[in-house]
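Colleague: Take a look at query-v7.txt, compact mmCIF, C-alpha atoms:
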```txt
# COMPACT_ATOMS: atom_id res chain seq x y z
CA MET A 211 119.95 18.66 35.13
CA SER A 212 119.63 16.94 31.79
CA GLN A 213 118.44 18.80 28.82
CA GLN A 214 115.07 17.48 27.32
CA ILE A 215 115.29 16.62 23.67
CA PRO A 216 112.18 17.63 21.78
CA THR A 217 110.43 14.75 20.08
CA LYS A 218 109.43 14.84 16.48
CA SER A 219 105.80 14.99 15.62
CA SER A 220 104.27 11.68 14.65
CA LYS A 221 101.21 10.34 12.82
CA ILE A 222 99.01 7.24 13.02
CA CYS A 223 98.73 4.71 10.20
CA PRO A 224 95.06 4.65 9.24
CA THR A 225 95.27 0.95 8.30
CA CYS A 226 96.87 -0.74 11.29
CA GLY A 227 97.13 2.11 13.84
CA THR A 228 100.91 2.07 14.15
CA ARG A 229 102.46 5.37 15.31
CA LEU A 230 104.99 6.61 12.71
CA SER A 231 107.08 9.71 12.29
CA GLU A 232 105.55 12.57 10.43
CA ASP A 233 108.02 12.18 7.52
CA ALA A 234 107.54 8.41 7.14
CA THR A 235 106.48 7.39 3.65
CA ARG A 236 105.86 3.71 4.42
CA CYS A 237 104.34 1.81 7.37
CA LEU A 238 106.84 -0.73 8.73
CA VAL A 239 104.02 -2.98 10.01
CA CYS A 240 101.37 -3.18 7.26
CA GLY A 241 103.49 -1.83 4.39
CA ARG A 242 101.08 0.98 3.41
CA THR A 243 102.70 3.86 1.57
CA PHE A 244 101.89 7.51 2.09
CA SER A 245 101.88 10.33 -0.46
CA LYS A 246 102.08 14.03 0.08
CA GLU A 247 98.34 14.47 -0.37
CA GLN A 248 97.68 11.95 2.37
CA LYS A 249 99.76 14.01 4.72
CA LYS A 250 97.20 16.74 4.56
CA GLU A 251 94.50 14.34 5.67
CA ASN A 252 96.32 13.99 8.97
CA ALA A 253 96.06 17.67 9.62
CA LYS A 254 93.59 18.48 12.31
CA SER A 255 90.21 19.30 10.73
CA ILE A 256 88.34 22.30 11.91
CA GLN A 257 84.72 21.46 12.79
CA GLY A 258 81.96 24.04 12.54
CA PRO A 259 79.21 24.54 15.10
CA ARG A 260 76.64 21.70 15.27
CA MET A 261 72.84 21.93 15.73
CA PRO A 262 71.50 20.70 19.05
CA GLU A 263 70.03 17.21 18.87
CA LEU A 264 66.58 16.36 20.34
CA THR A 265 65.59 12.77 21.02
CA LEU A 266 61.83 11.94 21.37
CA THR A 267 60.09 8.71 22.27
CA LEU A 268 57.35 7.25 20.02
CA PRO A 269 54.34 8.17 22.22
CA ILE A 270 55.50 11.76 22.54
CA ALA A 271 56.04 11.97 18.78
CA LEU A 272 52.51 10.66 18.06
CA GLY A 273 50.98 13.08 20.54
CA LEU A 274 52.77 16.03 18.95
CA MET A 275 51.61 14.88 15.49
CA ILE A 276 47.96 14.75 16.64
CA ILE A 277 48.22 18.22 18.17
CA ILE A 278 49.72 19.63 14.95
CA LEU A 279 46.97 18.02 12.82
CA GLY A 280 44.28 19.40 15.14
CA ILE A 281 45.71 22.90 14.94
CA GLY A 282 45.87 22.62 11.14
CA ALA A 283 42.25 21.42 10.90
CA GLY A 284 41.11 24.30 13.10
CA VAL A 285 42.89 26.79 10.87
CA VAL A 286 41.30 25.30 7.71
CA PHE A 287 37.83 25.30 9.32
CA ALA A 288 38.20 28.93 10.36
CA VAL A 289 39.24 29.93 6.82
CA LEU A 290 36.32 28.07 5.18
CA GLN A 291 33.85 29.46 7.71
CA GLY A 292 35.02 32.97 6.85
CA THR A 293 34.23 32.31 3.17
CA GLY A 294 30.72 31.05 4.00
CA ARG A 295 31.28 27.49 2.71
CA VAL A 296 30.97 25.83 6.10
CA LEU A 297 27.89 26.25 8.27
CA GLU A 298 27.88 26.17 12.01
CA PRO A 299 26.58 22.81 13.25
CA THR A 300 23.27 23.28 14.97
CA LEU A 301 21.95 21.01 17.67
CA PRO A 302 18.37 19.70 17.28
CA ALA A 303 15.82 21.75 19.11
CA THR A 304 14.66 20.26 22.36
CA VAL A 305 10.92 19.60 22.27
CA THR A 306 9.06 19.58 25.55
CA LEU A 307 5.94 17.43 25.41
CA THR A 308 3.05 18.46 27.62
CA PRO A 309 0.66 15.58 28.20
CA THR A 310 -3.00 16.42 27.71
CA SER A 311 -5.95 14.23 28.48
CA SER A 312 -7.92 15.19 25.35
CA ALA A 313 -5.26 14.37 22.77
CA THR A 314 -5.44 10.87 21.30
CA PRO A 315 -2.40 9.66 19.33
CA THR A 316 -3.22 8.46 15.85
CA ALA A 317 -1.11 5.67 14.40
CA SER A 318 0.18 6.49 10.94
CA THR A 319 0.39 3.52 8.62
CA THR A 320 2.44 3.20 5.46
CA PRO A 321 0.13 2.39 2.52
CA SER A 322 0.86 -0.89 0.82
CA PRO A 323 1.71 -0.62 -2.84
CA LEU A 324 -1.18 -1.54 -5.07
CA PRO A 325 -0.67 -4.63 -7.24
CA THR A 326 0.00 -4.11 -10.93
CA PHE A 327 -0.96 -6.45 -13.73
CA THR A 328 0.65 -7.33 -17.06
CA PRO A 329 -1.69 -6.99 -20.08
CA LEU A 330 -2.99 -10.41 -21.13
CA PRO A 331 -2.36 -11.67 -24.68
CA PRO A 332 -5.33 -11.58 -27.07
CA ILE A 333 -7.54 -14.66 -27.58
CA GLU A 334 -7.84 -16.25 -31.02
CA TYR A 335 -11.44 -16.75 -32.13
CA GLN A 336 -12.75 -18.17 -35.42
CA VAL A 337 -15.83 -16.48 -36.83
CA GLN A 338 -18.85 -18.81 -37.01
CA ASP A 339 -22.01 -18.63 -38.99
CA GLY A 340 -24.25 -15.88 -37.61
CA ASP A 341 -21.51 -14.05 -35.71
CA PHE A 342 -21.48 -10.27 -35.55
CA CYS A 343 -18.95 -7.92 -34.03
CA SER A 344 -21.53 -6.91 -31.44
CA SER A 345 -22.25 -10.49 -30.36
CA ILE A 346 -18.55 -11.36 -30.20
CA ALA A 347 -17.79 -8.21 -28.20
CA ALA A 348 -20.63 -8.93 -25.75
CA PHE A 349 -19.57 -12.57 -25.41
CA PHE A 350 -15.99 -11.65 -24.46
CA ASN A 351 -17.08 -8.53 -22.50
CA VAL A 352 -15.01 -6.14 -24.63
CA SER A 353 -15.90 -3.20 -26.85
CA ILE A 354 -16.44 -3.43 -30.60
CA GLN A 355 -13.85 -0.68 -31.11
CA SER A 356 -11.17 -2.78 -29.40
CA ILE A 357 -11.83 -5.69 -31.81
CA VAL A 358 -11.70 -3.32 -34.78
CA LEU A 359 -8.37 -1.82 -33.68
CA GLN A 360 -6.83 -5.18 -32.77
CA ASN A 361 -7.60 -6.73 -36.20
CA ASN A 362 -7.37 -3.61 -38.44
CA LEU A 363 -11.03 -4.03 -39.50
CA PRO A 364 -13.21 -1.35 -41.10
CA ALA A 365 -14.93 1.01 -38.70
CA ASP A 366 -18.36 -0.59 -39.25
CA CYS A 367 -16.90 -4.09 -38.67
CA GLY A 368 -19.14 -5.50 -41.38
CA THR A 369 -16.71 -7.68 -43.33
CA LEU A 370 -16.51 -10.81 -41.16
CA ARG A 371 -16.06 -14.14 -42.93
CA ILE A 372 -16.92 -17.59 -41.64
CA GLY A 373 -13.70 -19.22 -40.44
CA GLN A 374 -11.86 -15.90 -40.15
CA THR A 375 -9.51 -15.75 -37.15
CA LEU A 376 -9.93 -12.71 -34.93
CA LEU A 377 -7.71 -11.57 -32.08
CA ILE A 378 -9.91 -10.66 -29.11
CA PRO A 379 -8.15 -8.33 -26.63
CA GLN A 380 -8.54 -9.34 -23.03
CA PRO A 381 -9.40 -6.59 -20.57
CA THR A 382 -6.67 -5.83 -18.05
CA PRO A 383 -7.82 -7.13 -14.66
CA THR A 384 -8.42 -4.49 -12.04
CA ALA A 385 -6.86 -4.88 -8.61
CA SER A 386 -9.42 -5.80 -6.02
CA PRO A 387 -9.83 -3.21 -3.29
CA LEU A 388 -8.25 -4.01 0.02
CA PRO A 389 -10.65 -5.75 2.40
CA THR A 390 -12.38 -3.44 4.83
CA SER A 391 -13.64 -4.37 8.23
CA THR A 392 -17.38 -5.00 8.26
CA LEU A 393 -19.29 -4.39 11.46
CA SER A 394 -21.48 -7.14 12.81
CA GLY A 395 -25.18 -6.53 13.34
CA ALA A 396 -24.75 -5.63 17.02
CA ASP A 397 -21.75 -3.40 16.37
CA ALA A 398 -23.55 -1.64 13.51
CA THR A 399 -26.55 -0.98 15.73
CA GLU A 400 -24.26 0.32 18.50
CA ALA A 401 -22.43 2.65 16.08
CA ALA A 402 -25.73 3.96 14.70
CA CYS A 403 -27.11 4.76 18.15
CA GLU A 404 -27.21 8.49 18.91
CA LYS A 405 -25.74 9.33 22.33
CA TYR A 406 -25.52 12.38 24.57
CA VAL A 407 -22.81 12.96 27.19
CA TYR A 408 -24.31 14.47 30.35
CA THR A 409 -22.57 15.85 33.46
CA VAL A 410 -24.54 15.26 36.67
CA SER A 411 -25.55 18.44 38.51
CA GLU A 412 -25.90 18.96 42.25
CA ASN A 413 -29.56 17.99 42.69
CA ASP A 414 -29.78 15.39 39.89
CA THR A 415 -31.07 11.88 40.43
CA LEU A 416 -30.88 8.92 38.10
CA SER A 417 -34.64 8.71 37.81
CA GLY A 418 -34.89 12.44 37.07
CA ILE A 419 -32.25 12.26 34.34
CA ALA A 420 -34.02 9.23 32.79
CA ALA A 421 -37.34 11.08 32.82
CA SER A 422 -35.79 14.22 31.29
CA PHE A 423 -34.40 12.30 28.32
CA ASN A 424 -37.34 9.84 28.12
CA VAL A 425 -34.92 6.89 28.54
CA SER A 426 -35.32 4.03 30.97
CA ILE A 427 -33.11 3.83 34.05
CA ASN A 428 -31.93 0.35 33.02
CA SER A 429 -30.73 1.63 29.63
CA ILE A 430 -28.63 4.35 31.28
CA LYS A 431 -27.19 1.85 33.78
CA GLU A 432 -26.33 -0.68 31.05
CA TYR A 433 -24.63 1.90 28.80
CA ASN A 434 -22.54 3.23 31.69
CA GLY A 435 -21.88 -0.04 33.51
CA LEU A 436 -23.60 1.17 36.68
CA THR A 437 -24.65 -1.24 39.43
CA ARG A 438 -26.22 1.43 41.64
CA ASP A 439 -29.37 3.51 41.37
CA MET A 440 -27.70 6.79 42.29
CA VAL A 441 -25.39 9.27 40.60
CA PHE A 442 -22.92 11.77 42.03
CA GLN A 443 -22.30 15.43 41.29
CA SER A 444 -19.88 16.07 38.37
CA GLU A 445 -20.15 12.44 37.26
CA VAL A 446 -20.18 12.08 33.44
CA ILE A 447 -22.65 9.55 32.00
CA THR A 448 -23.80 8.65 28.49
CA ILE A 449 -27.47 8.88 27.57
CA PRO A 450 -28.49 6.42 24.78
CA LEU A 451 -30.97 8.54 22.86
CA CYS A 452 -31.65 5.66 20.46
CA GLU A 453 -33.42 3.86 23.31
CA ARG A 454 -35.94 6.55 24.07
CA LEU A 455 -39.24 5.26 25.35
CA PRO A 456 -42.14 5.46 22.87
CA THR A 457 -44.44 8.38 23.25
CA PRO A 458 -47.99 7.31 24.17
CA GLY A 459 -49.97 6.90 20.97
CA ALA A 460 -46.88 6.92 18.71
CA THR A 461 -45.45 3.93 16.81
CA PRO A 462 -41.77 3.33 17.55
CA THR A 463 -39.40 3.42 14.57
CA PRO A 464 -37.17 0.33 14.48
CA THR A 465 -33.45 0.69 13.91
CA LEU A 466 -32.66 -0.40 10.34
CA PRO A 467 -30.00 -3.10 9.83
CA PRO A 468 -27.05 -2.46 7.49
CA PRO A 469 -27.47 -3.19 3.72
CA TYR A 470 -26.37 -6.52 2.27
CA ALA A 471 -23.14 -7.20 0.38
CA ALA A 472 -23.08 -8.06 -3.32
CA PRO A 473 -24.34 -11.62 -4.04
CA ASN A 474 -21.76 -14.06 -5.37
CA LEU A 475 -22.92 -15.50 -8.73
CA LEU A 476 -22.50 -19.28 -9.17
CA LEU A 477 -24.07 -20.63 -12.40
CA PRO A 478 -23.94 -20.37 -15.34
CA ALA A 479 -20.27 -19.41 -15.65
CA ASN A 480 -19.46 -16.22 -17.50
CA GLY A 481 -19.37 -16.86 -21.29
CA THR A 482 -21.29 -20.17 -21.25
CA SER A 483 -22.86 -21.05 -24.61
CA TYR A 484 -26.20 -22.88 -24.95
CA MET A 485 -26.63 -24.33 -28.45
CA SER A 486 -30.23 -25.51 -28.09
CA GLY A 487 -33.18 -23.26 -27.49
CA ASP A 488 -34.99 -26.08 -25.69
CA GLU A 489 -32.56 -26.10 -22.77
CA ILE A 490 -33.73 -25.04 -19.31
CA ILE A 491 -31.35 -22.39 -18.00
CA THR A 492 -31.24 -21.93 -14.22
CA LEU A 493 -29.49 -18.93 -12.68
CA GLN A 494 -27.91 -19.62 -9.27
CA TRP A 495 -26.14 -17.42 -6.70
CA ALA A 496 -24.96 -17.58 -3.09
CA SER A 497 -27.13 -16.29 -0.25
CA VAL A 498 -26.21 -12.96 1.36
CA GLY A 499 -27.86 -13.95 4.64
CA GLU A 500 -31.27 -14.72 6.03
CA LEU A 501 -33.73 -12.41 4.30
CA ARG A 502 -36.44 -10.70 6.34
CA ALA A 503 -40.13 -10.76 5.51
CA ASN A 504 -39.98 -7.63 3.32
CA GLU A 505 -36.69 -8.40 1.51
CA ALA A 506 -35.94 -10.21 -1.76
CA TYR A 507 -33.50 -10.61 -4.67
CA ALA A 508 -34.07 -8.60 -7.85
CA VAL A 509 -33.12 -10.83 -10.83
CA THR A 510 -32.45 -8.76 -13.98
CA ILE A 511 -32.12 -10.51 -17.36
CA GLU A 512 -31.47 -8.56 -20.58
CA ASP A 513 -30.99 -9.64 -24.20
CA ILE A 514 -28.27 -7.25 -25.36
CA THR A 515 -28.20 -8.50 -28.96
CA ASP A 516 -28.60 -5.61 -31.42
CA GLY A 517 -32.21 -4.73 -32.13
CA THR A 518 -33.73 -6.88 -29.36
CA GLY A 519 -34.21 -4.65 -26.34
CA LYS A 520 -35.82 -7.45 -24.31
CA LYS A 521 -35.43 -7.05 -20.53
CA LEU A 522 -36.97 -8.76 -17.52
CA THR A 523 -36.80 -8.09 -13.75
CA GLU A 524 -38.27 -10.57 -11.26
CA TYR A 525 -38.24 -10.59 -7.43
CA VAL A 526 -37.56 -13.89 -5.66
CA THR A 527 -36.59 -15.00 -2.16
CA ASP A 528 -34.81 -18.16 -3.33
CA THR A 529 -31.18 -18.28 -4.56
CA LYS A 530 -32.05 -19.63 -8.01
CA PHE A 531 -34.22 -18.55 -10.93
CA ILE A 532 -35.30 -20.39 -14.10
CA VAL A 533 -35.27 -18.24 -17.24
CA PRO A 534 -38.87 -18.20 -18.54
CA ASP A 535 -39.78 -19.74 -21.91
CA ASP A 536 -40.90 -16.43 -23.43
CA PHE A 537 -37.32 -15.16 -23.08
CA LYS A 538 -35.89 -17.86 -25.38
CA PRO A 539 -34.64 -16.58 -28.77
CA THR A 540 -36.52 -17.74 -31.84
CA GLU A 541 -33.88 -17.04 -34.50
CA ASN A 542 -31.14 -19.54 -35.29
CA VAL A 543 -28.48 -16.99 -34.32
CA PRO A 544 -26.69 -16.55 -30.99
CA HIS A 545 -28.27 -14.10 -28.57
CA ILE A 546 -26.15 -12.57 -25.82
CA ILE A 547 -27.99 -12.64 -22.49
CA ARG A 548 -26.75 -10.56 -19.52
CA TRP A 549 -27.93 -11.14 -15.94
CA SER A 550 -27.28 -9.80 -12.41
CA ILE A 551 -28.67 -10.02 -8.84
CA LEU A 552 -29.46 -7.13 -6.44
CA PRO A 553 -30.74 -7.33 -2.82
CA VAL A 554 -33.87 -5.15 -2.38
CA ARG A 555 -36.36 -4.29 0.35
CA GLN A 556 -40.08 -3.52 0.01
CA SER A 557 -40.77 0.13 0.79
CA GLY A 558 -44.50 0.21 -0.02
CA SER A 559 -47.22 -0.93 -2.38
CA THR A 560 -49.05 0.47 -5.38
CA GLN A 561 -52.80 0.99 -5.54
CA ASP A 562 -53.04 -2.33 -7.35
CA GLY A 563 -51.30 -4.10 -4.47
CA GLU A 564 -47.97 -4.61 -6.24
CA ALA A 565 -44.90 -4.31 -4.03
CA ILE A 566 -42.57 -1.34 -4.45
CA TYR A 567 -38.92 -2.27 -3.85
CA GLU A 568 -35.89 -0.13 -3.08
CA VAL A 569 -32.19 -0.99 -3.28
CA PHE A 570 -30.95 -2.57 -0.06
CA GLY A 571 -27.54 -3.96 -0.97
CA THR A 572 -24.76 -3.99 -3.55
CA LEU A 573 -25.28 -5.08 -7.15
CA SER A 574 -23.54 -8.31 -8.11
CA GLU A 575 -21.20 -8.66 -11.06
CA GLN A 576 -22.83 -8.84 -14.50
CA ARG A 577 -22.41 -12.12 -16.36
CA VAL A 578 -23.31 -13.06 -19.94
CA PHE A 579 -24.11 -16.29 -21.77
CA SER A 580 -24.96 -16.98 -25.41
CA TRP A 581 -28.19 -18.72 -26.39
CA TRP A 582 -29.02 -20.09 -29.85
CA GLY A 583 -32.63 -20.08 -30.96
CA VAL A 584 -34.63 -22.92 -32.52
CA GLY A 585 -36.01 -21.07 -35.55
CA THR A 586 -34.91 -21.32 -39.14
CA SER A 587 -31.57 -19.76 -40.02
CA THR A 588 -31.83 -16.55 -42.01
CA ASN A 589 -28.21 -16.71 -43.23
CA ASN A 590 -27.18 -18.44 -46.43
```
In structure tokens, how does this file's structure come out?
Modeller:
Amino acid sequence: MSQQIPTKSSKICPTCGTRLSEDATRCLVCGRTFSKEQKKENAKSIQGPRMPELTLTLPIALGLMIIILGIGAGVVFAVLQGTGRVLEPTLPATVTLTPTSSATPTASTTPSPLPTFTPLPPIEYQVQDGDFCSSIAAFFNVSIQSIVLQNNLPADCGTLRIGQTLLIPQPTPTASPLPTSTLSGADATEAACEKYVYTVSENDTLSGIAASFNVSINSIKEYNGLTRDMVFQSEVITIPLCERLPTPGATPTPTLPPPYAAPNLLLPANGTSYMSGDEIITLQWASVGELRANEAYAVTIEDITDGTGKKLTEYVTDTKFIVPDDFKPTENVPHIIRWSILPVRQSGSTQDGEAIYEVFGTLSEQRVFSWWGVGTSTNN
């Protein structure tokens, strides 16, 4: 039995991997040299305990991240709710609608914004012979005070010079009201008719109901769209009280039509100037409709020049009126004449037989025109 010779310990060259003896100081293959410190590197290192490794796929990692964020948000919400800074979300109350036959829905409309206007620039006007602040103010339909303030004039406005340039403020236009629906003659009569809603009783007949309310059977049938001459118990019908039959010996009262709208003035245009007192001035306006036998237009003409006080009101059925000769100014100074039209209706007569009129419509706009007289000028 041969004796086994123990082998020397060896080491591995870290450069080329050649196995060498433990005491070798140089690698015979790659020529690397070893020092004493490098010998210690070959000593077996002692490794400490390692943490267990966990490998996750991307979907699982994202799911865990969402769960962690949700738990964190719940914790923050609970903390803020405990401090009173977060309110519990409340669900809107459930409303149960019970349909009723008497309720009528009303449509709510959003009002349109009213138009606004920019103030107009003042008008330049040169003072002429015979002009006064009052006549200029009436001609331009402004106040004397506005002319005084616009031109820094004395309060009495008595220092005007011929050829002086004045700034006349223009009144700010007012927005016209929105148009309203106007009922026709038939609709107005229908709306004005007084009605009574009647429920038919057990022993009622159509002729008996008509006799009780003094209304004809045909009127009841027309108002209710009936084609039969009988009614049934609990049936609801409308009685047109405005069509009651006249009482024997009494005069029936006719249903009055609606009043007329304001007449639209045509000529002369507002602010027209007539330089000759011999001119024939004709006032014209548009018709408001076919006038009845007792209706007319009230034409009002007024000289608003200071100290005059002349005023005239005439009643005509035509849509034009010639200003009478006795209304012409006699001084060689401009007179401011204002005129308007009003629909009226005759309501009676005086003991002398003159008609008495009452307002039966809307007053038209008021226009002015200037009129120079034919007399001798009193100004130097």
Colleague: In Å, rounded to a single decimal, give me how far atom CA of Thr243 of chain A is from atom CA of Thr225 of chain A.
Modeller: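 Here the two named atoms are 10.4 Å from each other.
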Colleague: From the set A:Lys405, A:Glu412, A:Glu334, A:Ala347, which residue has the shortest atom-to-atom contact distance to Thr375 of chain A, counting all atoms listed in the file?
Modeller: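 Closest to Thr375 of chain A, using all atoms listed in the file: A:Glu334.
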Colleague: Hey, can you check how far atom CA of Ser429 of chain A sits from atom CA of Val446 of chain A?
Modeller: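 If I compute the distance from atom CA of Ser429 of chain A to atom CA of Val446 of chain A, I get 15.3 Å.
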Colleague: Report the distance between atom CA of Ile447 of chain A and atom CA of Asn428 of chain A in Å, rounded to one decimal place.
Modeller: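 Value for the atom CA of Ile447 of chain A-atom CA of Asn428 of chain A distance: 13.1 Å.
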Colleague: Excluding Thr510 of chain A and any residue of its chain fewer than 2 positions from it, enumerate the residues within 6 Å of it, using only C-alpha atoms, and give them as a list in words.
Modeller: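 The filter keeps Leu522, Thr523, Trp549 and Ser550 of chain A.
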Colleague: Would you save the residues of that selection, restricted to C-alpha atoms, as a PDB file, in the coordinates of the input?
Modeller:
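What ended up in result_28.pdb:
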```pdb
ATOM      1  CA  LEU A 522     -36.970  -8.760 -17.520  1.00  0.00           C
ATOM      2  CA  THR A 523     -36.800  -8.090 -13.750  1.00  0.00           C
ATOM      3  CA  TRP A 549     -27.930 -11.140 -15.940  1.00  0.00           C
ATOM      4  CA  SER A 550     -27.280  -9.800 -12.410  1.00  0.00           C
TER       5      SER A 550
END
```
